[in-house]
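**Student:** Input file: run_35.cif. Contents: mmCIF, C-alpha atoms.
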data_entry
#
loop_
_atom_site.label_atom_id
_atom_site.label_comp_id
_atom_site.auth_asym_id
_atom_site.auth_seq_id
_atom_site.Cartn_x
_atom_site.Cartn_y
_atom_site.Cartn_z
CA MET F 1 115.60 132.67 -54.32
CA THR F 2 116.19 129.25 -55.67
CA ARG F 3 116.13 127.75 -52.18
CA TRP F 4 112.86 129.54 -51.44
CA LEU F 5 111.26 128.11 -54.56
CA GLU F 6 112.43 124.63 -53.61
CA LYS F 7 110.80 124.97 -50.18
CA CYS F 8 107.52 126.11 -51.72
CA TRP F 9 107.61 123.24 -54.15
CA CYS F 10 108.19 120.74 -51.36
CA LEU F 11 105.37 122.19 -49.28
CA ALA F 12 103.02 121.99 -52.25
CA LEU F 13 103.91 118.37 -52.85
CA ILE F 14 103.39 117.53 -49.17
CA GLY F 15 99.99 119.28 -49.18
CA PHE F 16 98.88 117.47 -52.30
CA ALA F 17 99.94 114.11 -50.91
CA ALA F 18 98.14 114.80 -47.63
CA SER F 19 94.94 115.81 -49.38
CA LEU F 20 95.10 112.76 -51.61
CA PHE F 21 95.66 110.45 -48.62
CA GLY F 22 92.83 112.08 -46.68
CA ALA F 23 90.43 111.73 -49.57
CA THR F 24 91.40 108.08 -49.93
CA GLN F 25 90.91 107.46 -46.23
CA SER F 26 87.56 109.27 -46.32
CA ALA F 27 86.42 107.18 -49.26
CA HIS F 28 87.44 103.97 -47.51
CA SER F 29 85.79 105.00 -44.25
CA GLN F 30 82.44 105.69 -45.98
CA THR F 31 82.35 102.42 -47.91
CA ASP F 32 80.23 99.65 -46.37
CA TYR F 33 80.60 96.02 -47.30
CA THR F 34 77.93 93.31 -47.20
CA LEU F 35 77.90 89.58 -47.86
CA ASP F 36 76.27 88.50 -51.08
CA GLU F 37 74.42 85.22 -51.63
CA PHE F 38 77.77 83.43 -52.16
CA ASP F 39 79.24 84.82 -48.91
CA HIS F 40 81.54 87.21 -50.73
CA TRP F 41 82.14 90.71 -49.43
CA LYS F 42 80.78 93.31 -51.82
CA PRO F 43 80.68 97.09 -51.43
CA SER F 44 77.15 98.05 -50.53
CA GLU F 45 75.31 100.51 -52.64
CA ALA F 46 74.89 104.06 -51.47
CA PRO F 47 71.66 104.61 -49.58
CA SER F 48 68.87 106.00 -51.69
CA SER F 49 66.54 108.81 -50.78
CA VAL F 50 63.82 106.27 -50.01
CA ASP F 51 66.00 104.53 -47.43
CA GLU F 52 66.96 107.85 -45.91
CA GLN F 53 63.32 108.88 -45.44
CA LEU F 54 62.37 105.57 -43.88
CA GLN F 55 65.45 105.68 -41.68
CA GLN F 56 64.39 109.08 -40.36
CA ALA F 57 60.99 107.64 -39.47
CA ARG F 58 62.63 104.69 -37.70
CA VAL F 59 64.91 106.97 -35.71
CA ALA F 60 61.99 109.17 -34.68
CA LEU F 61 60.03 106.11 -33.53
CA ALA F 62 63.01 104.73 -31.62
CA ASN F 63 63.50 108.07 -29.88
CA GLY F 64 59.89 108.05 -28.68
CA ASP F 65 58.65 110.69 -31.11
CA ALA F 66 55.74 108.61 -32.44
CA ALA F 67 53.91 111.65 -33.84
CA ARG F 68 56.86 112.61 -36.07
CA ALA F 69 57.33 109.00 -37.17
CA LEU F 70 53.65 108.87 -38.08
CA ASN F 71 53.89 112.06 -40.14
CA LEU F 72 57.01 110.87 -41.97
CA SER F 73 55.50 107.47 -42.79
CA GLU F 74 52.20 108.96 -43.98
CA ASN F 75 54.00 111.51 -46.15
CA PHE F 76 56.11 108.76 -47.65
CA LEU F 77 53.04 106.64 -48.46
CA GLU F 78 51.30 109.63 -50.00
CA ASN F 79 54.27 110.59 -52.17
CA ASN F 80 55.11 107.03 -53.22
CA PRO F 81 51.83 105.35 -54.16
CA LEU F 82 53.53 102.66 -56.23
CA GLY F 83 57.15 102.93 -55.13
CA GLN F 84 59.30 100.56 -53.12
CA GLY F 85 59.41 100.70 -49.39
CA ARG F 86 55.64 100.91 -48.89
CA ALA F 87 55.59 97.72 -46.78
CA VAL F 88 58.18 99.15 -44.40
CA ALA F 89 56.42 102.51 -44.32
CA SER F 90 53.08 100.88 -43.49
CA LEU F 91 54.71 98.88 -40.72
CA ILE F 92 56.23 102.05 -39.27
CA GLN F 93 52.86 103.77 -39.58
CA GLY F 94 51.18 100.95 -37.64
CA ASP F 95 53.89 100.98 -34.96
CA ALA F 96 53.49 104.75 -34.57
CA GLN F 97 49.72 104.44 -34.19
CA LEU F 98 50.22 101.67 -31.65
CA ALA F 99 52.66 103.81 -29.69
CA LEU F 100 50.08 106.61 -29.64
CA GLY F 101 47.45 104.25 -28.18
CA ASN F 102 45.44 103.86 -31.39
CA GLU F 103 45.73 100.09 -31.77
CA TYR F 104 42.58 99.82 -33.88
CA LYS F 105 43.97 102.31 -36.44
CA ALA F 106 47.25 100.40 -36.37
CA LEU F 107 45.40 97.29 -37.51
CA PHE F 108 44.56 98.99 -40.83
CA ALA F 109 48.26 99.61 -41.51
CA TYR F 110 49.21 96.05 -40.57
CA GLU F 111 46.40 94.67 -42.74
CA ASP F 112 47.77 96.65 -45.69
CA VAL F 113 51.07 94.84 -45.27
CA ALA F 114 49.41 91.45 -44.76
CA ARG F 115 47.25 91.75 -47.89
CA ARG F 116 49.48 93.56 -50.39
CA HIS F 117 53.03 92.69 -49.38
CA THR F 118 53.02 89.00 -48.49
CA SER F 119 56.53 88.47 -49.87
CA SER F 120 58.14 91.37 -48.01
CA THR F 121 60.18 91.15 -44.84
CA SER F 122 57.50 93.18 -43.06
CA PHE F 123 54.81 90.50 -43.53
CA ILE F 124 55.55 88.35 -40.47
CA PRO F 125 56.24 91.32 -38.13
CA ALA F 126 52.87 92.80 -39.15
CA LEU F 127 51.08 89.54 -38.28
CA GLU F 128 52.92 89.41 -34.95
CA ARG F 129 51.67 92.92 -34.13
CA GLU F 130 48.13 91.90 -35.08
CA TYR F 131 48.38 88.85 -32.83
CA GLU F 132 49.38 90.98 -29.81
CA ILE F 133 46.48 93.37 -30.41
CA ALA F 134 44.02 90.49 -30.83
CA LYS F 135 45.32 88.88 -27.65
CA ALA F 136 44.72 92.11 -25.74
CA TYR F 137 41.20 92.34 -27.19
CA ALA F 138 40.49 88.71 -26.26
CA HIS F 139 41.52 89.38 -22.67
CA GLY F 140 39.17 92.29 -22.22
CA LEU F 141 40.65 95.39 -23.89
CA ARG F 142 37.85 97.43 -25.46
CA LYS F 143 37.91 99.70 -28.49
CA ARG F 144 37.54 103.45 -28.17
CA PHE F 145 34.16 105.02 -28.85
CA LEU F 146 34.74 107.91 -31.27
CA GLY F 147 38.29 108.20 -30.02
CA THR F 148 37.25 108.76 -26.40
CA PHE F 149 36.41 106.09 -23.84
CA ARG F 150 36.94 102.37 -24.31
CA TRP F 151 33.36 101.13 -24.39
CA ILE F 152 33.11 98.88 -27.46
CA ASP F 153 33.66 95.15 -27.06
CA ALA F 154 36.34 93.85 -29.43
CA GLY F 155 35.83 90.10 -29.07
CA ASP F 156 34.66 89.68 -32.67
CA ASP F 157 37.75 91.48 -33.95
CA ALA F 158 39.98 89.19 -31.88
CA GLN F 159 38.31 86.08 -33.31
CA GLU F 160 38.71 87.31 -36.88
CA ILE F 161 42.38 88.16 -36.41
CA PHE F 162 43.19 84.79 -34.84
CA ILE F 163 41.49 82.98 -37.72
CA ARG F 164 43.28 85.08 -40.36
CA ILE F 165 46.68 84.45 -38.80
CA GLN F 166 46.11 80.69 -38.99
CA GLU F 167 45.05 81.00 -42.63
CA ARG F 168 48.04 83.18 -43.59
CA LEU F 169 50.78 81.25 -41.74
CA PRO F 170 49.53 77.64 -41.47
CA GLY F 171 51.72 75.35 -39.41
CA SER F 172 53.82 78.14 -37.91
CA GLU F 173 54.46 78.88 -34.25
CA LEU F 174 52.45 82.07 -34.56
CA ALA F 175 49.48 80.19 -36.05
CA GLU F 176 49.70 77.63 -33.23
CA LYS F 177 49.55 80.37 -30.61
CA ALA F 178 46.66 82.02 -32.41
CA GLY F 179 44.73 78.74 -32.50
CA MET F 180 45.18 78.20 -28.77
CA GLU F 181 44.22 81.78 -27.95
CA LEU F 182 41.08 81.45 -30.06
CA ALA F 183 40.03 78.24 -28.29
CA ASP F 184 40.82 79.75 -24.88
CA TYR F 185 38.71 82.79 -25.73
CA TYR F 186 35.67 80.62 -26.51
CA PHE F 187 36.27 78.65 -23.31
CA ARG F 188 36.55 81.85 -21.29
CA ILE F 189 33.26 83.27 -22.55
CA ARG F 190 31.54 79.88 -21.97
CA ASP F 191 30.77 79.21 -25.63
CA MET F 192 31.42 75.51 -25.19
CA PRO F 193 30.36 74.22 -28.64
CA LEU F 194 32.79 76.60 -30.37
CA ALA F 195 35.45 75.90 -27.74
CA ALA F 196 35.14 72.17 -28.38
CA ASP F 197 35.48 72.71 -32.15
CA ALA F 198 38.51 74.98 -31.70
CA TYR F 199 40.31 72.60 -29.35
CA ASP F 200 39.51 69.66 -31.62
CA LEU F 201 41.01 71.49 -34.61
CA PHE F 202 44.08 72.36 -32.54
CA VAL F 203 44.62 68.69 -31.63
CA GLN F 204 44.29 67.71 -35.29
CA ASN F 205 46.51 70.48 -36.69
CA TYR F 206 49.24 70.46 -34.03
CA PRO F 207 49.51 66.91 -32.63
CA ARG F 208 53.14 67.46 -31.57
CA SER F 209 52.65 70.82 -29.93
CA LYS F 210 53.65 71.36 -26.32
CA ARG F 211 50.14 72.74 -25.80
CA VAL F 212 48.34 69.64 -27.11
CA ASN F 213 47.76 68.14 -23.64
CA LYS F 214 46.02 71.30 -22.54
CA ALA F 215 43.89 71.18 -25.68
CA LYS F 216 42.90 67.55 -25.04
CA LEU F 217 41.83 68.29 -21.46
CA ARG F 218 39.94 71.44 -22.40
CA LEU F 219 38.22 69.50 -25.19
CA ILE F 220 36.88 66.98 -22.65
CA TYR F 221 35.77 69.73 -20.28
CA SER F 222 34.06 71.57 -23.14
CA TYR F 223 32.06 68.50 -24.11
CA TYR F 224 31.10 67.74 -20.54
CA ALA F 225 30.09 71.37 -19.87
CA GLN F 226 27.58 71.22 -22.73
CA PHE F 227 25.41 68.90 -20.64
CA LYS F 228 23.08 71.22 -18.72
CA GLY F 229 21.10 68.58 -16.88
CA PRO F 230 18.92 65.47 -17.35
CA GLN F 231 16.27 67.56 -19.11
CA TYR F 232 18.64 68.50 -21.95
CA ASP F 233 20.56 66.84 -24.77
CA ALA F 234 23.22 64.34 -23.67
CA SER F 235 25.34 64.20 -26.84
CA GLY F 236 28.12 66.13 -25.09
CA LEU F 237 28.34 63.39 -22.46
CA ARG F 238 28.87 60.73 -25.10
CA GLU F 239 31.61 62.78 -26.74
CA ALA F 240 33.26 63.36 -23.37
CA THR F 241 33.19 59.63 -22.65
CA SER F 242 34.83 58.72 -25.96
CA ARG F 243 37.52 61.38 -25.52
CA LEU F 244 38.26 60.27 -21.97
CA LYS F 245 38.68 56.66 -23.04
CA LEU F 246 40.90 57.75 -25.93
CA LEU F 247 43.02 59.77 -23.51
CA GLN F 248 43.35 56.75 -21.22
CA ALA F 249 44.62 54.70 -24.16
CA ASP F 250 47.00 57.35 -25.55
CA ASP F 251 48.35 58.90 -22.34
CA PRO F 252 47.55 56.87 -19.20
CA ALA F 253 49.72 59.07 -16.99
CA LEU F 254 47.90 62.24 -17.99
CA ALA F 255 44.53 60.50 -17.64
CA GLN F 256 45.43 59.39 -14.12
CA GLN F 257 46.68 62.88 -13.28
CA ILE F 258 43.35 64.52 -14.11
CA GLY F 259 41.28 61.75 -12.50
CA ALA F 260 39.79 60.27 -15.64
CA GLU F 261 38.13 57.44 -13.73
CA ALA F 262 36.24 59.89 -11.53
CA LEU F 263 35.18 61.88 -14.58
CA LEU F 264 33.95 58.71 -16.27
CA VAL F 265 31.87 57.89 -13.21
CA ARG F 266 30.32 61.36 -13.32
CA VAL F 267 29.55 61.00 -17.01
CA TYR F 268 28.15 57.49 -16.40
CA GLU F 269 25.79 58.71 -13.68
CA SER F 270 24.76 61.75 -15.71
CA GLU F 271 23.80 59.64 -18.73
CA ALA F 272 21.81 57.31 -16.50
CA ALA F 273 20.02 60.26 -14.90
CA LYS F 274 19.16 61.52 -18.38
CA LEU F 275 17.43 58.22 -19.26
CA LEU F 276 15.57 58.14 -15.94
CA ASN F 277 14.31 61.66 -16.58
CA ASP F 278 13.10 60.60 -20.04
CA ALA F 279 11.27 57.64 -18.53
CA ARG F 280 9.55 59.87 -15.97
CA TRP F 281 8.48 62.25 -18.73
CA TYR F 282 6.90 59.41 -20.71
CA GLN F 283 5.21 58.26 -17.51
CA SER F 284 3.80 61.72 -16.86
CA MET F 285 2.40 61.75 -20.41
CA GLY F 286 0.71 58.38 -19.89
CA ASP F 287 2.90 56.59 -22.45
CA PHE F 288 3.75 53.54 -20.34
CA ILE F 289 5.12 51.52 -23.26
CA SER F 290 7.80 54.14 -23.94
CA THR F 291 8.37 54.40 -20.20
CA GLU F 292 9.08 50.68 -19.91
CA LEU F 293 11.35 50.65 -22.96
CA THR F 294 13.36 53.56 -21.57
CA LEU F 295 13.64 51.88 -18.16
CA ARG F 296 14.74 48.65 -19.82
CA SER F 297 17.44 50.54 -21.74
CA LEU F 298 18.56 52.24 -18.53
CA VAL F 299 18.91 48.96 -16.64
CA LYS F 300 20.76 47.34 -19.53
CA ARG F 301 23.21 50.18 -20.28
CA PHE F 302 23.83 51.51 -16.76
CA PRO F 303 23.27 48.61 -14.35
CA LYS F 304 25.59 50.04 -11.68
CA SER F 305 24.14 53.55 -11.58
CA ILE F 306 22.03 55.09 -8.84
CA ALA F 307 19.37 55.89 -11.43
CA THR F 308 18.99 52.15 -12.10
CA ILE F 309 18.03 51.55 -8.47
CA GLU F 310 15.21 54.06 -8.78
CA ALA F 311 14.22 52.64 -12.18
CA LEU F 312 13.85 49.17 -10.70
CA ARG F 313 11.63 50.55 -7.95
CA ILE F 314 9.15 52.17 -10.34
CA ALA F 315 9.33 49.55 -13.12
CA PRO F 316 6.86 47.02 -11.60
CA GLY F 317 4.19 49.70 -11.31
CA VAL F 318 4.77 50.70 -14.93
CA VAL F 319 4.55 47.08 -16.10
CA ALA F 320 1.27 46.66 -14.19
CA LYS F 321 -0.31 49.36 -16.37
CA LEU F 322 0.77 47.80 -19.67
CA PRO F 323 -1.52 45.61 -21.82
CA GLU F 324 -1.22 41.96 -20.94
CA GLY F 325 0.28 41.06 -24.32
CA VAL F 326 3.04 43.64 -23.86
CA ALA F 327 3.62 42.99 -20.17
CA LYS F 328 4.37 39.30 -20.66
CA ASP F 329 7.43 40.17 -22.78
CA CYS F 330 8.90 42.51 -20.15
CA PRO F 331 11.76 41.43 -17.88
CA ASN F 332 10.94 40.46 -14.31
CA TYR F 333 11.97 43.71 -12.66
CA ALA F 334 11.28 42.26 -9.21
CA ASP F 335 13.98 39.63 -9.74
CA LEU F 336 16.33 42.26 -11.18
CA GLN F 337 15.75 44.45 -8.17
CA SER F 338 16.38 41.54 -5.82
CA ALA F 339 19.59 40.63 -7.61
CA LEU F 340 20.84 44.21 -7.76
CA ILE F 341 20.02 45.71 -4.38
CA GLY F 342 19.38 42.59 -2.31
CA THR F 343 15.68 43.11 -1.65
CA PRO F 344 14.08 39.67 -1.18
CA LYS F 345 10.87 38.84 -2.95
CA VAL F 346 7.73 38.52 -0.83
CA ALA F 347 6.66 35.02 -1.86
CA GLU F 348 9.90 33.07 -1.79
CA PRO F 349 13.63 33.80 -1.63
CA THR F 350 15.67 33.68 -4.80
CA GLY F 351 18.93 32.55 -3.28
CA VAL F 352 20.54 35.99 -3.62
CA ALA F 353 21.99 37.36 -0.40
CA PRO F 354 19.53 39.93 0.97
CA ASP F 355 22.20 42.04 2.62
CA VAL F 356 24.05 43.22 -0.49
CA ILE F 357 22.80 46.71 0.20
CA ALA F 358 20.33 48.14 2.65
CA PRO F 359 16.94 49.05 1.15
CA LEU F 360 16.61 52.71 0.26
CA PRO F 361 13.68 54.90 1.35
CA ALA F 362 10.69 54.72 -0.94
CA VAL F 363 10.58 57.37 -3.63
CA SER F 364 7.37 58.31 -5.38
CA GLU F 365 7.09 57.68 -9.07
CA THR F 366 6.67 61.35 -9.93
CA SER F 367 9.53 62.61 -7.75
CA SER F 368 12.29 64.36 -9.66
CA GLU F 369 14.91 63.79 -6.98
CA GLU F 370 17.30 60.88 -7.33
CA PRO F 371 18.26 58.68 -4.35
CA VAL F 372 21.73 59.31 -3.05
CA GLY F 373 24.07 56.67 -1.74
CA ASN F 374 27.37 54.90 -2.27
CA ALA F 375 26.04 51.47 -3.17
CA ALA F 376 28.53 48.65 -3.67
CA LEU F 377 26.67 47.15 -6.61
CA PRO F 378 27.28 43.62 -7.95
CA PRO F 379 29.01 43.04 -11.30
CA GLU F 380 27.11 43.79 -14.46
CA ASP F 381 26.65 40.15 -15.40
CA VAL F 382 24.53 39.58 -12.26
CA ILE F 383 21.67 41.45 -13.87
CA LYS F 384 20.00 38.92 -16.09
CA ALA F 385 16.43 38.96 -17.28
CA PRO F 386 14.66 35.84 -15.87
CA PRO F 387 11.70 34.24 -17.62
CA PRO F 388 8.68 36.57 -17.55
CA PRO F 389 6.10 35.90 -14.83
CA ALA F 390 2.77 34.28 -15.62
CA SER F 391 0.92 37.51 -14.95
CA THR F 392 1.60 40.90 -13.47
CA THR F 393 -1.72 42.37 -12.54
CA GLU F 394 -0.87 44.17 -9.32
CA PRO F 395 -2.42 47.67 -9.45
CA THR F 396 0.12 49.24 -7.08
CA PRO F 397 3.80 50.08 -7.77
CA THR F 398 4.99 47.26 -5.48
CA PRO F 399 7.13 44.39 -6.80
CA ALA F 400 5.02 41.80 -8.60
CA GLN F 401 4.70 38.46 -6.82
CA PRO F 402 5.46 35.44 -8.97
CA LYS F 403 2.94 32.70 -9.13
#
Please express what this file holds, its structure, as structure tokens.
**Tutor:**
Amino acid sequence: MTRWLEKCWCLALIGFAASLFGATQSAHSQTDYTLDEFDHWKPSEAPSSVDEQLQQARVALANGDAARALNLSENFLENNPLGQGRAVASLIQGDAQLALGNEYKALFAYEDVARRHTSSTSFIPALEREYEIAKAYAHGLRKRFLGTFRWIDAGDDAQEIFIRIQERLPGSELAEKAGMELADYYFRIRDMPLAADAYDLFVQNYPRSKRVNKAKLRLIYSYYAQFKGPQYDASGLREATSRLKLLQADDPALAQQIGAEALLVRVYESEAAKLLNDARWYQSMGDFISTELTLRSLVKRFPKSIATIEALRIAPGVVAKLPEGVAKDCPNYADLQSALIGTPKVAEPTGVAPDVIAPLPAVSETSSEEPVGNAALPPEDVIKAPPPPASTTEPTPTPAQPK
């Protein structure tokens, strides 16, 4: 009997020790440790009911059950109007809507995070989601019409989102990408004034960006594309010229790569054609004084342009129709023409080689077409205004003969 009691007592002690050891092991296995702000390991607090609810929504979203994740997040937001975890719940709600194909509804959830929870860890992820949606809208994705077909253009929404991202995260990589996407969107839809402004702001705000060279080139193209022809405003040409010269000074290799010299020649000829068109308009209106002043400006500013050759052909006829007091102060366009294109004067030679360039076919004064040719023109300092002739009374548009 005594031995039996001893065995029972030993078994009881062994059972108690085993249960105590198991409980200890279970307690240790369920304890999580985290690093505090001083890099010391501290036992983490037990998860609250809030964390458990949000974790269920995350798991459902990760498993592809976006509908359940949406229900859990909406229930959480409804039951916790002022509680913690709303930023995470709104982010999960937006992700669930996005997974269901309702990107426009997802924007409302992301905006709630961006406006009310700027200090939360969900702030930047929400802006990143908004950026991806805006990028899709900018590249042609349309909004749904009453939840059915995608008919509604979303370009305005994309512009607004890109601008807000730059305002909310200035100087960040995300803001830089948003600025470039906004400028590219304007360039893609051919809104060149806004594209030029957007690229100019990008160059100013992100001068060290890896995308700054692209912005500089697109800025030049945007200015040049604003010139629609000689009949329209030429301010874009002047801006393009200044930007091209600045690019040649700052980055000669890039300027040579894009053919800056050829672009400058195109801009040079376009500006000259603009002045020639203005002179022809004044001529058609009978304002020969303004016509002569415009032609004089053209010859002075663009002496090597093709438009100058045509201007010198029509200038003597314009001068012949001016009052004598005004005509005597005009340059001798016959001498300028002889010096520029090698056409000898009728009365006597001027000493300039007549074979600098072959004479071009005659063009009427009212013709809107410009002569075409690759003229090897003399240097700019060759064109000098000689003393005015004694009189220019020829009634026809032929070069005036000096007396």
**Student:** Using all atoms listed in the file, which residues sit within 12 Å of stretch 294-298 of chain F once same-chain residues fewer than 6 positions away are excluded, as a ChimeraX atom specification?
**Tutor:** /F:268-283,287-288,304-319,329-333,336,383-385
**Student:** Can you spit out the residues from that selection as a PDB file, in the frame of the given file, using C-alpha atoms?
**Tutor:**
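Final output, again24.pdb:
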ATOM      1  CA  TYR F 268      28.150  57.490 -16.400  1.00  0.00           C
ATOM      2  CA  GLU F 269      25.790  58.710 -13.680  1.00  0.00           C
ATOM      3  CA  SER F 270      24.760  61.750 -15.710  1.00  0.00           C
ATOM      4  CA  GLU F 271      23.800  59.640 -18.730  1.00  0.00           C
ATOM      5  CA  ALA F 272      21.810  57.310 -16.500  1.00  0.00           C
ATOM      6  CA  ALA F 273      20.020  60.260 -14.900  1.00  0.00           C
ATOM      7  CA  LYS F 274      19.160  61.520 -18.380  1.00  0.00           C
ATOM      8  CA  LEU F 275      17.430  58.220 -19.260  1.00  0.00           C
ATOM      9  CA  LEU F 276      15.570  58.140 -15.940  1.00  0.00           C
ATOM     10  CA  ASN F 277      14.310  61.660 -16.580  1.00  0.00           C
ATOM     11  CA  ASP F 278      13.100  60.600 -20.040  1.00  0.00           C
ATOM     12  CA  ALA F 279      11.270  57.640 -18.530  1.00  0.00           C
ATOM     13  CA  ARG F 280       9.550  59.870 -15.970  1.00  0.00           C
ATOM     14  CA  TRP F 281       8.480  62.250 -18.730  1.00  0.00           C
ATOM     15  CA  TYR F 282       6.900  59.410 -20.710  1.00  0.00           C
ATOM     16  CA  GLN F 283       5.210  58.260 -17.510  1.00  0.00           C
ATOM     17  CA  ASP F 287       2.900  56.590 -22.450  1.00  0.00           C
ATOM     18  CA  PHE F 288       3.750  53.540 -20.340  1.00  0.00           C
ATOM     19  CA  LYS F 304      25.590  50.040 -11.680  1.00  0.00           C
ATOM     20  CA  SER F 305      24.140  53.550 -11.580  1.00  0.00           C
ATOM     21  CA  ILE F 306      22.030  55.090  -8.840  1.00  0.00           C
ATOM     22  CA  ALA F 307      19.370  55.890 -11.430  1.00  0.00           C
ATOM     23  CA  THR F 308      18.990  52.150 -12.100  1.00  0.00           C
ATOM     24  CA  ILE F 309      18.030  51.550  -8.470  1.00  0.00           C
ATOM     25  CA  GLU F 310      15.210  54.060  -8.780  1.00  0.00           C
ATOM     26  CA  ALA F 311      14.220  52.640 -12.180  1.00  0.00           C
ATOM     27  CA  LEU F 312      13.850  49.170 -10.700  1.00  0.00           C
ATOM     28  CA  ARG F 313      11.630  50.550  -7.950  1.00  0.00           C
ATOM     29  CA  ILE F 314       9.150  52.170 -10.340  1.00  0.00           C
ATOM     30  CA  ALA F 315       9.330  49.550 -13.120  1.00  0.00           C
ATOM     31  CA  PRO F 316       6.860  47.020 -11.600  1.00  0.00           C
ATOM     32  CA  GLY F 317       4.190  49.700 -11.310  1.00  0.00           C
ATOM     33  CA  VAL F 318       4.770  50.700 -14.930  1.00  0.00           C
ATOM     34  CA  VAL F 319       4.550  47.080 -16.100  1.00  0.00           C
ATOM     35  CA  ASP F 329       7.430  40.170 -22.780  1.00  0.00           C
ATOM     36  CA  CYS F 330       8.900  42.510 -20.150  1.00  0.00           C
ATOM     37  CA  PRO F 331      11.760  41.430 -17.880  1.00  0.00           C
ATOM     38  CA  ASN F 332      10.940  40.460 -14.310  1.00  0.00           C
ATOM     39  CA  TYR F 333      11.970  43.710 -12.660  1.00  0.00           C
ATOM     40  CA  LEU F 336      16.330  42.260 -11.180  1.00  0.00           C
ATOM     41  CA  ILE F 383      21.670  41.450 -13.870  1.00  0.00           C
ATOM     42  CA  LYS F 384      20.000  38.920 -16.090  1.00  0.00           C
ATOM     43  CA  ALA F 385      16.430  38.960 -17.280  1.00  0.00           C
TER      44      ALA F 385
END
**Student:** For atom CA of F:Arg115 and atom CA of F:Leu100, quote the distance in Å rounded to one decimal.
**Tutor:**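 Interatomic distance, atom CA of F:Arg115 to atom CA of F:Leu100: 23.7 Å.
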**Student:** Applied to the shown file, which residues does the PyMOL selection byres ((chain F and resi 203-215) around 12) return, written as an mmCIF file with C-alpha atoms, keeping the file's coordinate frame?
**Tutor:**
data_model
loop_
_atom_site.group_PDB
_atom_site.id
_atom_site.type_symbol
_atom_site.label_atom_id
_atom_site.label_comp_id
_atom_site.auth_asym_id
_atom_site.auth_seq_id
_atom_site.Cartn_x
_atom_site.Cartn_y
_atom_site.Cartn_z
ATOM 1 C CA GLN F 166 46.110 80.690 -38.990
ATOM 2 C CA PRO F 170 49.530 77.640 -41.470
ATOM 3 C CA GLY F 171 51.720 75.350 -39.410
ATOM 4 C CA SER F 172 53.820 78.140 -37.910
ATOM 5 C CA GLU F 173 54.460 78.880 -34.250
ATOM 6 C CA ALA F 175 49.480 80.190 -36.050
ATOM 7 C CA GLU F 176 49.700 77.630 -33.230
ATOM 8 C CA LYS F 177 49.550 80.370 -30.610
ATOM 9 C CA ALA F 178 46.660 82.020 -32.410
ATOM 10 C CA GLY F 179 44.730 78.740 -32.500
ATOM 11 C CA MET F 180 45.180 78.200 -28.770
ATOM 12 C CA GLU F 181 44.220 81.780 -27.950
ATOM 13 C CA LEU F 182 41.080 81.450 -30.060
ATOM 14 C CA ALA F 183 40.030 78.240 -28.290
ATOM 15 C CA ASP F 184 40.820 79.750 -24.880
ATOM 16 C CA PHE F 187 36.270 78.650 -23.310
ATOM 17 C CA ALA F 195 35.450 75.900 -27.740
ATOM 18 C CA ALA F 196 35.140 72.170 -28.380
ATOM 19 C CA ASP F 197 35.480 72.710 -32.150
ATOM 20 C CA ALA F 198 38.510 74.980 -31.700
ATOM 21 C CA TYR F 199 40.310 72.600 -29.350
ATOM 22 C CA ASP F 200 39.510 69.660 -31.620
ATOM 23 C CA LEU F 201 41.010 71.490 -34.610
ATOM 24 C CA PHE F 202 44.080 72.360 -32.540
ATOM 25 C CA LYS F 216 42.900 67.550 -25.040
ATOM 26 C CA LEU F 217 41.830 68.290 -21.460
ATOM 27 C CA ARG F 218 39.940 71.440 -22.400
ATOM 28 C CA LEU F 219 38.220 69.500 -25.190
ATOM 29 C CA ILE F 220 36.880 66.980 -22.650
ATOM 30 C CA TYR F 221 35.770 69.730 -20.280
ATOM 31 C CA SER F 222 34.060 71.570 -23.140
ATOM 32 C CA ARG F 243 37.520 61.380 -25.520
ATOM 33 C CA LEU F 247 43.020 59.770 -23.510
ATOM 34 C CA ASP F 250 47.000 57.350 -25.550
ATOM 35 C CA ASP F 251 48.350 58.900 -22.340
ATOM 36 C CA ALA F 253 49.720 59.070 -16.990
ATOM 37 C CA LEU F 254 47.900 62.240 -17.990
ATOM 38 C CA ALA F 255 44.530 60.500 -17.640
ATOM 39 C CA GLN F 257 46.680 62.880 -13.280
ATOM 40 C CA ILE F 258 43.350 64.520 -14.110
#
**Student:** For a quick check of understanding, using all atoms listed in the file, which of F:Leu237, F:Leu35, F:Ile124, F:Glu292 has the smallest distance to F:Arg266?
**Tutor:**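 The answer is F:Leu237, which sits nearest to F:Arg266.
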**Student:** Which residue gives the smallest distance to F:Ala134 among F:Leu194, F:Val265, F:Leu107, F:Ile152, with only C-alpha atoms counted?
**Tutor:**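 With only C-alpha atoms as the atom set, the closest residue is F:Leu107.
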**Student:** Run the PyMOL selection byres ((chain F and resi 128) around 12) against the file shown and list the residues it catches, as an MDAnalysis selection string.
**Tutor:** chainID F and resid 91 94:95 107 110:111 113:114 122:127 129:135 161:162 164:166 168:169 172:175 177:178
**Student:** One number please: atom CA of F:Ala240 to atom CA of F:Phe227, in Å, one decimal.
**Tutor:**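 Between atom CA of F:Ala240 and atom CA of F:Phe227 the gap is 10.0 Å.
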**Student:** Using Å and a single decimal, report how far atom CA of F:Pro43 sits from atom CA of F:Ala89.
**Tutor:** 25.9 Å
**Student:** Which of these residues is nearest to F:Leu70, using only C-alpha atoms: F:Ser235, F:Trp151, F:Ala99, F:Ala225?
**Tutor:**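 Of F:Ser235, F:Trp151, F:Ala99, F:Ala225, the one nearest F:Leu70, counting only C-alpha atoms, is F:Ala99.
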**Student:** Which of these, F:Pro303, F:Gly83, F:Gly229, F:Gly236, has the shortest distance to F:Met192 once you count all atoms listed in the file?
**Tutor:**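 Looking only at the distances to F:Met192, the closest residue turns out to be F:Gly236.
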